[in-house]
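Student: Below you'll find the structure I mean.
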Number of protein chains: 2
Amino acid sequence: MALAKRPLRVDVVIFAIRDKTLQVLLWKRAEAPFRGAWSLPGGFVGKDEPIEDAARRVLEEETGFTEEVYLEQLYTFAHPKMDPRGELVSVSYYAVATTSRESPDGTFHAARRAPSLAFHHDDVLRRGIHRLRTKAEYSTVPLRFLDEPFTLSDVQAVYEVLLDRNLDKRNFRRKMLALDVLEETQEKRRTGAHRPAQLYRLSSRRTYLLKERGILFPF
Amino acid sequence: MALAKRPLRVDVVIFAIRDKTLQVLLWKRAEAPFRGAWSLPGGFVGKDEPIEDAARRVLEEETGFTEEVYLEQLYTFAHPKMDPRGELVSVSYYAVATTSRESPDGTFHAARRAPSLAFHHDDVLRRGIHRLRTKAEYSTVPLRFLDEPFTLSDVQAVYEVLLDRNLDKRNFRRKMLALDVLEETQEKRRTGAHRPAQLYRLSSRRTYLLKERGILFPF
DNA sequence: CCAAAAGTGTTGGCGTTACACCCATGG
DNA sequence: CCATGGGTGTAACGCCAACACTTTTGG
């Protein structure tokens, strides 16, 4: 069988939480094919470029520095008819951006009501949402949505959005603190007419990464 | 940036359980590079060939008909220096073969003591083992190791190998039956001087697939 | 002094684990 | 009749979910 060669792409589902909603960053395509349609941000992988570097490159173009951004490979698509430009391989990733990230050329859309997307990107998005929601049940990945420092109420709000239900405040706090991945800062946040909230940051990345499995929800 | 094109491969970790041990099917390479070394079975994806078809093709070459074999995409590797033949993309899969499967040109090795492998295949194998063991904790994927019909003791043995610990017989049976994915056959298995064992088969594939999440071990 | 979010402990119920003996058969 | 693996029920424990009030601040 002749050795078929294909271009290699990365397509990235960039999540953020805004307005108590899970949102995804989308591009409006300026060129054919699918001109005018929405798509996920992505790009071709260059010669000699490691694939994860390409994913981080896309991420960086979209949301600035990315050292700290959580990025995970999702799934690889390579249906022959997936792209009208010809056969190619699309490796998808998902990323968890903090709320403060702005994008120069993309727009955030509510993930649940995203428009239908170009190419196979609906499939990618579906998988991304599913994976993220699954991780919310047993991991601390959702902490990556937060700009530091943050309050425990902020953390709870993130989990509530992802799990799509309300959680008990006392149970949530007890379990989250028991994971020992948060560290109190010296400050409190004062916003409005109520008791100030203790601020936290992620404790050392190392510890934090080790704990990215092993929570048991529901709270 | 010039559009770099690469060949596309699939590499498959084919698991089976034999002699109460998790085993992997390996090839001994007959050609350079890595001539004489062990590697995972794999092959290049043909033009116009969907990638999962390619994975099933490899599987079929190795173990005969494969309609029923559980196959799941694992991870995609595309480091520029991964393969001395040049840049390529390797999409890895893992498969769960029943004990009765024989391979014409591969050999089963104990997964824990596998030799070191060619290319990036050590990484693939590591990921495959990890994924499989994880699935043993909350899914019924391990049932796919069994030739039908099978006894509950057979099922327990599979889970014990994967989880690497002994399980309580009564608790195991209760939970497994509660999942409602097994169906009694009319027959019993008579082997040796003891009470015959009730035989089971997987209940309709549909139901079975729906249940592939949501068990909570330990038993 | 009022409103609004932060913060804090205890208990009952349920699910999980732990555990030991009888059954059916072949030799 | 003995050895072997198959098959079965219950009780104690520990963990999780449920639940309401006090604190601190700004206006």
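Ligands are numbered from 1 in the order shown, residues from 1 within each chain, and chains are lettered A, B, ... in the order they appear in the structure tokens.
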Counting only C-alpha atoms, which residues of chain B sit at most 12 Å from some atom of chain A, and what is each one's closest atom pair with its distance in Å to one decimal, listed by chain and rising residue number, as a tab-separated table?

Tutor:
```
residue	atom	partner	partner_atom	distance
B:Met1	CA	A:Gly46	CA	6.6
B:Ala2	CA	A:Gly46	CA	7.1
B:Leu3	CA	A:Pro7	CA	6.5
B:Ala4	CA	A:Lys47	CA	5.3
B:Lys5	CA	A:Pro7	CA	4.3
B:Arg6	CA	A:Lys5	CA	4.7
B:Pro7	CA	A:Lys5	CA	4.3
B:Leu8	CA	A:Lys5	CA	6.8
B:Arg9	CA	A:Leu3	CA	10.0
B:Val10	CA	A:Thr76	CA	11.3
B:Gly43	CA	A:Met1	CA	10.6
B:Phe44	CA	A:Leu3	CA	7.3
B:Val45	CA	A:Ala4	CA	7.3
B:Gly46	CA	A:Ala4	CA	6.0
B:Lys47	CA	A:Ala4	CA	5.3
B:Asp48	CA	A:Pro80	CA	5.1
B:Glu49	CA	A:Pro80	CA	6.5
B:Pro50	CA	A:His79	CA	5.0
B:Ile51	CA	A:Ala78	CA	5.9
B:Glu52	CA	A:Ala78	CA	8.7
B:Asp53	CA	A:His79	CA	10.0
B:Ala54	CA	A:Ala78	CA	10.8
B:Glu72	CA	A:Tyr75	CA	10.7
B:Gln73	CA	A:Tyr75	CA	7.7
B:Leu74	CA	A:Tyr75	CA	8.3
B:Tyr75	CA	A:Tyr75	CA	7.3
B:Thr76	CA	A:Thr76	CA	6.9
B:Phe77	CA	A:Ile51	CA	7.9
B:Ala78	CA	A:Ile51	CA	5.9
B:His79	CA	A:Pro50	CA	5.0
B:Pro80	CA	A:Asp48	CA	5.2
B:Lys81	CA	A:Asp48	CA	8.1
B:Met82	CA	A:Pro50	CA	10.1
B:Gly86	CA	A:Asp48	CA	9.9
B:Glu87	CA	A:Asp48	CA	7.6
B:Leu88	CA	A:Lys5	CA	8.7
B:Val89	CA	A:Leu8	CA	8.1
B:Ser90	CA	A:Thr76	CA	10.2
B:Val91	CA	A:Thr76	CA	7.5
B:Ser92	CA	A:Thr76	CA	9.8
B:Tyr93	CA	A:Thr76	CA	10.9
B:Thr134	CA	A:Arg213	CA	11.1
B:Arg213	CA	A:Thr134	CA	10.9
B:Gly214	CA	A:Thr134	CA	11.4
B:Leu216	CA	A:Leu216	CA	10.8
```

Student: Report as a ChimeraX atom specification all protein, DNA and RNA residues lying within 10 Å of segment 9-15 of chain C, evaluated on only C-alpha atoms (C1' of nucleotides), omitting residues in the same chain fewer than 3 positions from it.

Tutor: /A:170 /D:14-19

Student: Atom CA of Lys28 of chain A and atom CA of Asp105 of chain A are how many Å apart?

Tutor: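 Separation of atom CA of Lys28 of chain A and atom CA of Asp105 of chain A: 8.5 Å.
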
Student: With the cut-off set at 12 Å and counting only C-alpha atoms (C1' of nucleotides), tabulate each residue of chain B with an atom at most that distance from an atom of chain D, showing the nearest atom pair and its distance in Å to one decimal, ordered by chain and increasing number, as a tab-separated table.

Tutor:
```
residue	atom	partner	partner_atom	distance
B:Thr151	CA	D:DG6	C1'	9.8
B:Leu152	CA	D:DG6	C1'	9.5
B:Ser153	CA	D:DG6	C1'	8.7
B:Asp154	CA	D:DG6	C1'	11.9
B:Lys169	CA	D:DG7	C1'	9.6
B:Arg170	CA	D:DT8	C1'	7.7
B:Asn171	CA	D:DT8	C1'	10.9
B:Arg173	CA	D:DG7	C1'	9.9
B:Arg174	CA	D:DT8	C1'	10.3
B:Lys188	CA	D:DG6	C1'	10.9
B:Arg189	CA	D:DG6	C1'	10.6
B:Arg190	CA	D:DG5	C1'	10.6
B:Thr191	CA	D:DG5	C1'	9.3
B:Gly192	CA	D:DT4	C1'	7.9
B:Ala193	CA	D:DT4	C1'	6.0
B:His194	CA	D:DT4	C1'	5.3
B:Arg195	CA	D:DG6	C1'	5.6
B:Pro196	CA	D:DG6	C1'	6.7
B:Ala197	CA	D:DG6	C1'	5.9
B:Gln198	CA	D:DG6	C1'	8.5
B:Leu199	CA	D:DG6	C1'	11.5
```

Student: Return chain A as a short mmCIF file (atom, residue, chain, number, x, y, z; two decimals) with C-alpha atoms, in the first residue's frame, after superposing it on chain B by a least-squares fit that covers all C-alpha atoms paired in order.

Tutor:
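Here's the written file result35.cif:
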```cif
data_model
loop_
_atom_site.label_atom_id
_atom_site.label_comp_id
_atom_site.auth_asym_id
_atom_site.auth_seq_id
_atom_site.Cartn_x
_atom_site.Cartn_y
_atom_site.Cartn_z
CA MET A 1 4.96 28.00 7.49
CA ALA A 2 5.28 25.24 4.90
CA LEU A 3 2.66 22.53 5.19
CA ALA A 4 4.52 19.53 6.59
CA LYS A 5 2.94 16.21 5.65
CA ARG A 6 3.49 13.06 7.61
CA PRO A 7 2.63 9.40 7.31
CA LEU A 8 -0.05 8.22 9.73
CA ARG A 9 0.29 5.04 11.75
CA VAL A 10 -1.77 3.14 14.22
CA ASP A 11 -0.15 1.13 17.00
CA VAL A 12 -2.29 -1.18 19.04
CA VAL A 13 -1.85 -2.54 22.53
CA ILE A 14 -3.66 -5.87 22.41
CA PHE A 15 -4.36 -7.17 25.91
CA ALA A 16 -5.42 -10.62 26.95
CA ILE A 17 -5.49 -12.49 30.23
CA ARG A 18 -3.72 -15.80 30.36
CA ASP A 19 -2.39 -17.74 33.30
CA LYS A 20 -3.96 -15.21 35.65
CA THR A 21 -1.74 -12.52 34.19
CA LEU A 22 -2.35 -9.49 32.07
CA GLN A 23 -0.53 -10.04 28.80
CA VAL A 24 0.27 -7.92 25.75
CA LEU A 25 0.82 -9.02 22.22
CA LEU A 26 4.22 -8.05 20.81
CA TRP A 27 5.96 -8.38 17.50
CA LYS A 28 9.58 -9.20 17.07
CA ARG A 29 10.79 -6.82 14.38
CA ALA A 30 12.30 -8.50 11.35
CA GLU A 31 13.56 -5.31 9.73
CA ALA A 32 15.47 -2.17 10.52
CA PRO A 33 15.04 0.10 12.35
CA PHE A 34 15.09 -1.72 15.69
CA ARG A 35 15.59 -5.03 13.94
CA GLY A 36 15.26 -7.82 16.47
CA ALA A 37 13.60 -5.60 19.05
CA TRP A 38 10.07 -6.07 20.31
CA SER A 39 7.36 -3.64 19.28
CA LEU A 40 3.62 -3.23 19.39
CA PRO A 41 1.67 -4.41 16.39
CA GLY A 42 0.79 -1.57 14.06
CA GLY A 43 0.63 -0.36 10.52
CA PHE A 44 0.30 2.63 8.29
CA VAL A 45 -3.09 4.04 7.52
CA GLY A 46 -3.93 3.86 3.83
CA LYS A 47 -5.22 6.61 1.64
CA ASP A 48 -8.95 7.10 2.20
CA GLU A 49 -8.90 4.68 5.08
CA PRO A 50 -10.66 5.79 8.28
CA ILE A 51 -8.24 5.50 11.13
CA GLU A 52 -10.32 3.21 13.29
CA ASP A 53 -10.65 0.85 10.33
CA ALA A 54 -6.88 0.72 10.18
CA ALA A 55 -6.73 -0.16 13.86
CA ARG A 56 -9.29 -2.91 13.36
CA ARG A 57 -7.34 -4.14 10.37
CA VAL A 58 -4.22 -4.55 12.49
CA LEU A 59 -6.27 -6.25 15.15
CA GLU A 60 -7.80 -8.59 12.65
CA GLU A 61 -4.47 -9.52 11.14
CA GLU A 62 -3.30 -10.38 14.62
CA THR A 63 -6.24 -12.11 16.18
CA GLY A 64 -8.81 -13.06 13.56
CA PHE A 65 -12.31 -11.59 13.43
CA THR A 66 -12.73 -8.54 15.52
CA GLU A 67 -16.28 -7.30 15.38
CA GLU A 68 -16.67 -8.14 19.00
CA VAL A 69 -13.34 -6.93 20.24
CA TYR A 70 -13.29 -3.87 22.42
CA LEU A 71 -11.12 -1.17 20.88
CA GLU A 72 -10.52 2.31 22.22
CA GLN A 73 -8.28 5.15 21.17
CA LEU A 74 -5.54 5.81 23.64
CA TYR A 75 -3.27 8.70 22.76
CA THR A 76 -1.55 10.32 19.83
CA PHE A 77 2.19 10.70 19.59
CA ALA A 78 3.95 12.96 17.15
CA HIS A 79 7.37 13.86 18.45
CA PRO A 80 9.58 14.79 15.53
CA LYS A 81 12.35 12.39 16.60
CA MET A 82 10.19 9.51 17.62
CA ASP A 83 10.91 7.38 14.59
CA PRO A 84 14.25 7.22 12.75
CA ARG A 85 12.44 6.80 9.46
CA GLY A 86 11.27 10.39 9.73
CA GLU A 87 8.45 12.43 11.14
CA LEU A 88 5.19 10.62 11.46
CA VAL A 89 2.02 10.53 13.53
CA SER A 90 1.26 7.52 15.65
CA VAL A 91 -2.25 7.12 16.97
CA SER A 92 -2.38 4.40 19.59
CA TYR A 93 -5.30 2.18 20.51
CA TYR A 94 -5.81 -0.53 23.02
CA ALA A 95 -7.86 -3.65 22.52
CA VAL A 96 -9.24 -6.27 24.85
CA ALA A 97 -8.94 -9.75 23.38
CA THR A 98 -10.47 -12.87 24.83
CA THR A 99 -8.24 -15.61 26.13
CA SER A 100 -8.97 -17.90 23.21
CA ARG A 101 -7.48 -15.58 20.61
CA GLU A 102 -4.31 -16.82 19.02
CA SER A 103 -1.90 -14.71 17.03
CA PRO A 104 -0.14 -15.91 13.90
CA ASP A 105 2.90 -13.67 14.19
CA GLY A 106 2.91 -12.11 17.63
CA THR A 107 3.67 -13.41 21.09
CA PHE A 108 1.96 -12.61 24.36
CA HIS A 109 4.14 -11.28 27.15
CA ALA A 110 3.29 -10.53 30.75
CA ALA A 111 2.48 -6.82 30.71
CA ARG A 112 4.37 -6.13 33.92
CA ARG A 113 7.56 -7.69 32.66
CA ALA A 114 7.44 -6.70 29.03
CA PRO A 115 10.83 -6.13 27.44
CA SER A 116 11.70 -2.62 26.49
CA LEU A 117 10.15 -1.78 23.18
CA ALA A 118 11.12 -0.09 19.94
CA PHE A 119 10.25 3.51 19.06
CA HIS A 120 8.01 5.21 21.61
CA HIS A 121 6.16 2.01 22.34
CA ASP A 122 7.13 1.85 26.00
CA ASP A 123 5.13 5.01 26.49
CA VAL A 124 2.20 3.59 24.61
CA LEU A 125 2.22 0.43 26.66
CA ARG A 126 2.46 2.33 29.91
CA ARG A 127 -0.53 4.42 29.00
CA GLY A 128 -2.46 1.40 27.86
CA ILE A 129 -1.91 -0.44 31.12
CA HIS A 130 -2.82 2.59 33.12
CA ARG A 131 -6.02 3.18 31.20
CA LEU A 132 -7.07 -0.42 31.42
CA ARG A 133 -6.47 -0.64 35.15
CA THR A 134 -8.37 2.60 35.65
CA LYS A 135 -11.31 1.25 33.70
CA ALA A 136 -11.33 -1.82 35.88
CA GLU A 137 -12.29 0.42 38.77
CA TYR A 138 -15.45 1.81 37.32
CA SER A 139 -16.44 0.05 34.14
CA THR A 140 -17.43 -3.27 32.70
CA VAL A 141 -14.83 -3.19 29.96
CA PRO A 142 -12.98 -6.08 31.66
CA LEU A 143 -15.88 -8.38 30.75
CA ARG A 144 -14.53 -8.24 27.23
CA PHE A 145 -11.62 -10.42 28.23
CA LEU A 146 -13.93 -13.40 28.58
CA ASP A 147 -15.04 -15.94 26.03
CA GLU A 148 -18.72 -16.62 26.39
CA PRO A 149 -20.15 -18.32 28.25
CA PHE A 150 -18.31 -17.65 31.48
CA THR A 151 -18.84 -18.10 35.20
CA LEU A 152 -18.94 -15.43 37.86
CA SER A 153 -15.69 -16.81 39.19
CA ASP A 154 -14.16 -16.19 35.78
CA VAL A 155 -15.32 -12.60 35.93
CA GLN A 156 -13.95 -12.15 39.40
CA ALA A 157 -10.60 -13.56 38.36
CA VAL A 158 -10.34 -10.99 35.57
CA TYR A 159 -11.05 -8.11 37.90
CA GLU A 160 -8.60 -9.47 40.44
CA VAL A 161 -5.84 -9.60 37.87
CA LEU A 162 -6.52 -6.07 36.70
CA LEU A 163 -6.94 -4.57 40.14
CA ASP A 164 -4.11 -6.64 41.53
CA ARG A 165 -5.84 -7.63 44.72
CA ASN A 166 -8.30 -10.17 45.99
CA LEU A 167 -11.96 -9.35 46.07
CA ASP A 168 -14.66 -10.66 48.33
CA LYS A 169 -16.70 -13.26 46.51
CA ARG A 170 -20.10 -12.36 47.93
CA ASN A 171 -19.69 -8.64 47.54
CA PHE A 172 -18.36 -9.07 44.04
CA ARG A 173 -21.22 -11.24 42.91
CA ARG A 174 -23.84 -8.99 44.39
CA LYS A 175 -22.47 -5.91 42.70
CA MET A 176 -21.76 -7.51 39.37
CA LEU A 177 -25.25 -8.95 39.12
CA ALA A 178 -26.77 -5.66 40.20
CA LEU A 179 -25.26 -4.03 37.14
CA ASP A 180 -27.64 -6.09 35.09
CA VAL A 181 -25.26 -6.65 32.22
CA LEU A 182 -25.06 -10.42 32.57
CA GLU A 183 -27.62 -12.94 31.52
CA GLU A 184 -27.83 -16.53 32.74
CA THR A 185 -27.55 -19.21 30.13
CA GLN A 186 -29.40 -22.50 30.36
CA GLU A 187 -26.23 -24.44 31.05
CA LYS A 188 -23.80 -25.00 33.82
CA ARG A 189 -20.13 -25.72 33.57
CA ARG A 190 -19.01 -29.01 35.09
CA THR A 191 -15.27 -29.16 35.65
CA GLY A 192 -13.86 -31.55 38.19
CA ALA A 193 -15.15 -32.73 41.51
CA HIS A 194 -17.28 -29.89 42.70
CA ARG A 195 -20.56 -28.14 42.29
CA PRO A 196 -21.19 -27.02 38.69
CA ALA A 197 -21.12 -23.28 38.00
CA GLN A 198 -23.86 -21.21 36.44
CA LEU A 199 -22.81 -19.87 33.05
CA TYR A 200 -23.48 -16.33 31.88
CA ARG A 201 -23.24 -14.31 28.73
CA LEU A 202 -23.23 -10.57 28.20
CA SER A 203 -26.75 -9.35 27.89
CA SER A 204 -27.63 -7.55 24.69
CA ARG A 205 -24.75 -5.42 23.49
CA ARG A 206 -26.86 -2.34 23.65
CA THR A 207 -27.54 -2.52 27.34
CA TYR A 208 -24.02 -3.54 27.94
CA LEU A 209 -22.51 -0.58 26.17
CA LEU A 210 -24.65 1.83 28.11
CA LYS A 211 -23.29 0.48 31.33
CA GLU A 212 -19.69 0.89 30.49
CA ARG A 213 -19.43 3.55 33.15
CA GLY A 214 -20.69 3.71 36.63
CA ILE A 215 -19.43 0.86 38.73
CA LEU A 216 -17.77 1.73 41.95
CA PHE A 217 -15.03 -0.55 43.10
CA PRO A 218 -13.51 -1.68 45.41
CA PHE A 219 -15.93 -4.49 45.96
#
```

Student: Where in segment 22-216 of chain B does DSSP assign strand (DSSP E or B), given as number ranges by chain?

Tutor: B: 22-28, 38-39, 42-44, 70-77, 89-96, 107-110, 117, 150, 182-189, 197-202

Student: For chain C against chain A, which residues fall within 8 Å using only C-alpha atoms (C1' of nucleotides), given as a list in words?

Tutor: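 The selection requested is DA3, DA4, DA5, DA6 and DT8 of chain C.
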
Student: Could you write out the selected residues, including N, CA, C and O atoms (P, O5', C5', C4', C3', O3' and C1' of nucleotides), as a short mmCIF file (atom, residue, chain, number, x, y, z; two decimals), in the first residue's frame?

Tutor:
```
data_model
loop_
_atom_site.label_atom_id
_atom_site.label_comp_id
_atom_site.auth_asym_id
_atom_site.auth_seq_id
_atom_site.Cartn_x
_atom_site.Cartn_y
_atom_site.Cartn_z
P DA C 3 -33.15 44.28 55.93
"O5'" DA C 3 -32.25 44.07 54.64
"C5'" DA C 3 -31.63 45.20 54.00
"C4'" DA C 3 -30.38 44.74 53.28
"C3'" DA C 3 -30.46 43.33 52.70
"O3'" DA C 3 -29.78 43.32 51.47
"C1'" DA C 3 -28.64 43.45 54.18
P DA C 4 -29.96 42.09 50.43
"O5'" DA C 4 -28.49 41.76 49.93
"C5'" DA C 4 -27.35 42.55 50.30
"C4'" DA C 4 -26.14 41.66 50.46
"C3'" DA C 4 -26.33 40.20 50.02
"O3'" DA C 4 -25.19 39.77 49.32
"C1'" DA C 4 -25.58 40.25 52.24
P DA C 5 -25.29 38.47 48.34
"O5'" DA C 5 -24.00 37.62 48.75
"C5'" DA C 5 -22.70 38.17 48.50
"C4'" DA C 5 -21.77 37.71 49.60
"C3'" DA C 5 -21.47 36.20 49.58
"O3'" DA C 5 -20.07 36.04 49.60
"C1'" DA C 5 -22.08 36.91 51.74
P DA C 6 -19.35 34.69 49.90
"O5'" DA C 6 -19.00 34.91 51.45
"C5'" DA C 6 -17.97 35.83 51.80
"C4'" DA C 6 -17.42 35.49 53.17
"C3'" DA C 6 -16.79 34.10 53.26
"O3'" DA C 6 -15.63 34.20 54.06
"C1'" DA C 6 -18.65 34.25 54.75
P DT C 8 -14.33 28.72 59.17
"O5'" DT C 8 -15.07 28.07 60.43
"C5'" DT C 8 -15.96 28.86 61.24
"C4'" DT C 8 -16.99 27.97 61.88
"C3'" DT C 8 -16.69 26.46 61.86
"O3'" DT C 8 -17.05 25.93 63.13
"C1'" DT C 8 -18.82 26.86 60.96
#
```

Student: As a VMD selection string, please: every residue in chain A that DSSP puts in alpha helix (DSSP H).

Tutor: chain A and resid 51 to 63 121 to 138 152 to 163 169 to 178 205 to 210
